Amino acid sequence: MAEVQLASVSEKAVWVTNYLKSYTRASGYAPYMGRSESSIIRIRSELRTDAGSTINIPLILELRGRGVEGSEVLEGNEEEMENYGDQVRINWLRNGVVVPKSTSFRTEIDLLNAARERLVTWSKVKLRDSIINAFQSVIIPGVTDADGSPLADTAVLYANATAAQRNTYLQNNADRMLFGSDLANSASGNFATALGTVDTVNDQMSARVIQIAKSLAKRTTNNSKGMAINPYQSDATAGREWFVMFMDSFAFSQASRDPLIAQADRDARERGVDSNPIFQGGDRIYDGVILREIPELNTLNGVGTSGANVSRSFLCGAGALAIAWGQDPTPKSDRDRDYGFRPGVAIEELRGQKKTSFLGTNYGMVEVFTASTPIGS
């Protein structure tokens with residue numbers, strides 16, 4: 001009797017589609033990932049079709065010269081258009097599970113399908129952690145080439161950065177770093193000293209801290225390097241500009257309990273149980289800043305005043321971080337191992353990510369350090 005057999009390629013295609021749909025969604029960053037220049041996390045995919053190990057990200061600065069007026073001669077008085085470049089390097093990420101028949105025959109559970117689900121979870125966590133590591137990295141300024149042109153910056157994990165590297169990072173980003181609720185806390189130019197000024201009384205996450213951070217983002221257009229932090233969204237007609245602030249659970253709970261933010265949710269937003277975050281949780285919005293909780297963001301333990309723990313949050317505008325894919329996450333299966341006795345499933349992708357920077361300076365974010373105090377402490 002003839003029976004219809006489902007082609008394995010069809011089954012695989014369905015699984016790949018379902019996998020990709022949930023891959024970025026579970027990271028917490030999905031709403032802010034996209035291919036446009038206004039996306040906070042900008043996706044680049046040129047290497048899917050072109051050979052190479054790096055994606056180049058250009059930055060062309062605004063013209064800030066005086067120009068000429070009236071009958072003044074322009075020839076010879078033209079302005080140099082400054083431009084820089086950043087790079088994202090990609091690398092292979094893989095994992096797999098082998099389920100021998102000597103194990104699978106003992107149970108009714110389809111262990112290969114269970115392995116597929118676990119690989120999906122693994123790759124989601126891998127993406128989320130890679131983004132977090134990129135946000136929290138320390139930027140190392142690129143050196144100059146033989147012609148004196150600056151080479152692209154690199155990044156190291158915060159935990160692996162030396163004290164000198166952290167200090168240089170702070171000095172290069174003095175106009176886009178906020179320690180607690182006082183701009184003067186970073187005046188030393190020493191990263192450890194600045195962290196040591198953050199105390200649990202005055203420096204928790206609050207409406208004041210959020211507004212100071214936003215003002216820093218808007219004022220960076222006047223810095224000496226001319227690198228503006230452009231808003232994530234803007235409405236020029238109404239004069240509105242929107243930023244997104246990623247923060248850990250400690251900072252998010254402090255912000256949610258701030259009297260001004262709580263009052264805004266209570267009095268200015270819809271009062272329905274189905275929509276107001278007072279009842280349902282979810283993102284907060286205050287003064288044009290969307291507050292997004294990322295529980296997995298790391299806390300810096302024991303570095304604040306009197307050994308206080310410190311949360312590190314990121315107020316982001318357009319192009320704060322870039323992700324490059326050379327190959328989308330792709331499922332693999334191998335049913336021929338050991339004459340079919342040890343079938344396996346795997347995931348592989350070719351990806352890299354980096355906090356966007358030029359000349360050692362964050363391009364799209366203000367970093368905020370506040371006291372990490374649990375509710376009830």
# chains A, B, ... in the order shown; residues from 1 in each chain; ligands from 1
>>> residues_around(residues="segment 152-164 of chain A", least_positions_apart="5", cutoff="8 Å", atoms="only C-alpha atoms", output="PyMOL selection string")
chain A and resi 84-87+133-134+136-143+191-192+354-355+357-360
>>> closest_residue(among="A:Glu293, A:Asp338, A:Asp175, A:Glu117", to="Ser253 of chain A", atoms="only C-alpha atoms")
A:Glu293
>>> closest_residue(among="A:Ser256, A:Ser45, A:Asn362, A:Asn95", to="Gly344 of chain A", atoms="only C-alpha atoms")
A:Asn95
>>> residues_around(residues="Ser188 of chain A", least_positions_apart="5", cutoff="12 Å", atoms="only C-alpha atoms", output="list in words")
Asn167, Thr168, Leu170, Gln171, Ala174, Phe179, Leu183, Thr193, Ala194, Leu195, Gly196 and Thr197 of chain A
>>> write_last_selection(atoms="N, CA and C atoms", output="PDB file, in the first residue's frame")
ATOM      1  N   ASN A 167      39.448  53.999  32.093  1.00  0.00           N
ATOM      2  CA  ASN A 167      39.635  55.432  32.303  1.00  0.00           C
ATOM      3  C   ASN A 167      39.630  56.188  30.974  1.00  0.00           C
ATOM      4  N   THR A 168      40.335  55.654  29.995  1.00  0.00           N
ATOM      5  CA  THR A 168      40.344  56.293  28.673  1.00  0.00           C
ATOM      6  C   THR A 168      38.949  56.321  28.080  1.00  0.00           C
ATOM      7  N   LEU A 170      36.096  56.449  29.716  1.00  0.00           N
ATOM      8  CA  LEU A 170      35.344  57.510  30.382  1.00  0.00           C
ATOM      9  C   LEU A 170      35.757  58.880  29.862  1.00  0.00           C
ATOM     10  N   GLN A 171      37.034  59.115  29.701  1.00  0.00           N
ATOM     11  CA  GLN A 171      37.513  60.421  29.238  1.00  0.00           C
ATOM     12  C   GLN A 171      37.039  60.724  27.818  1.00  0.00           C
ATOM     13  N   ALA A 174      33.101  61.644  28.137  1.00  0.00           N
ATOM     14  CA  ALA A 174      32.735  62.452  29.298  1.00  0.00           C
ATOM     15  C   ALA A 174      31.395  63.145  29.116  1.00  0.00           C
ATOM     16  N   PHE A 179      26.991  59.325  36.217  1.00  0.00           N
ATOM     17  CA  PHE A 179      27.139  58.514  37.422  1.00  0.00           C
ATOM     18  C   PHE A 179      26.236  59.093  38.498  1.00  0.00           C
ATOM     19  N   LEU A 183      26.220  65.400  37.487  1.00  0.00           N
ATOM     20  CA  LEU A 183      27.194  65.369  36.404  1.00  0.00           C
ATOM     21  C   LEU A 183      28.627  65.451  36.911  1.00  0.00           C
ATOM     22  N   THR A 193      36.826  55.713  40.423  1.00  0.00           N
ATOM     23  CA  THR A 193      36.476  56.830  41.306  1.00  0.00           C
ATOM     24  C   THR A 193      35.062  57.313  41.036  1.00  0.00           C
ATOM     25  N   ALA A 194      34.691  57.406  39.759  1.00  0.00           N
ATOM     26  CA  ALA A 194      33.335  57.841  39.398  1.00  0.00           C
ATOM     27  C   ALA A 194      32.292  56.851  39.910  1.00  0.00           C
ATOM     28  N   LEU A 195      32.555  55.564  39.769  1.00  0.00           N
ATOM     29  CA  LEU A 195      31.624  54.565  40.305  1.00  0.00           C
ATOM     30  C   LEU A 195      31.497  54.695  41.820  1.00  0.00           C
ATOM     31  N   GLY A 196      32.596  55.029  42.467  1.00  0.00           N
ATOM     32  CA  GLY A 196      32.595  55.149  43.919  1.00  0.00           C
ATOM     33  C   GLY A 196      31.762  56.301  44.445  1.00  0.00           C
ATOM     34  N   THR A 197      31.348  57.209  43.570  1.00  0.00           N
ATOM     35  CA  THR A 197      30.496  58.327  44.014  1.00  0.00           C
ATOM     36  C   THR A 197      29.015  57.952  44.048  1.00  0.00           C
TER      37      THR A 197
END
>>> residues_around(residues="Ala322 of chain A", least_positions_apart="4", cutoff="7 Å", atoms="only C-alpha atoms", output="PyMOL selection string")
chain A and resi 41-43+353-356
>>> write_last_selection(atoms="N, CA and C atoms", output="PDB file, in the first residue's frame")
ATOM      1  N   ILE A  41      19.251  49.279  17.214  1.00  0.00           N
ATOM      2  CA  ILE A  41      20.153  48.177  16.887  1.00  0.00           C
ATOM      3  C   ILE A  41      20.019  47.935  15.392  1.00  0.00           C
ATOM      4  N   ARG A  42      21.014  48.352  14.669  1.00  0.00           N
ATOM      5  CA  ARG A  42      20.928  48.314  13.211  1.00  0.00           C
ATOM      6  C   ARG A  42      21.454  46.983  12.680  1.00  0.00           C
ATOM      7  N   ILE A  43      20.640  46.317  11.881  1.00  0.00           N
ATOM      8  CA  ILE A  43      20.996  45.023  11.312  1.00  0.00           C
ATOM      9  C   ILE A  43      21.646  45.226   9.953  1.00  0.00           C
ATOM     10  N   GLN A 353      28.556  41.548  16.530  1.00  0.00           N
ATOM     11  CA  GLN A 353      27.869  42.734  17.020  1.00  0.00           C
ATOM     12  C   GLN A 353      28.873  43.648  17.712  1.00  0.00           C
ATOM     13  N   LYS A 354      28.567  44.933  17.702  1.00  0.00           N
ATOM     14  CA  LYS A 354      29.448  45.915  18.338  1.00  0.00           C
ATOM     15  C   LYS A 354      28.687  47.185  18.652  1.00  0.00           C
ATOM     16  N   LYS A 355      29.016  47.775  19.790  1.00  0.00           N
ATOM     17  CA  LYS A 355      28.519  49.105  20.124  1.00  0.00           C
ATOM     18  C   LYS A 355      29.157  50.091  19.148  1.00  0.00           C
ATOM     19  N   THR A 356      28.356  50.859  18.432  1.00  0.00           N
ATOM     20  CA  THR A 356      28.878  51.747  17.402  1.00  0.00           C
ATOM     21  C   THR A 356      29.690  52.874  18.032  1.00  0.00           C
TER      22      THR A 356
END
>>> closest_residue(among="A:Asp334, A:Asp235, A:Glu296, A:Glu72", to="Met247 of chain A", atoms="only C-alpha atoms")
A:Glu296
>>> closest_residue(among="A:Gln254, A:Ser181, A:Asn173, A:Thr200", to="Met365 of chain A", atoms="only C-alpha atoms")
A:Asn173
>>> select_by_dssp(residues="segment 144-264 of chain A", states="alpha helix (DSSP H)", output="count of residues only")
43
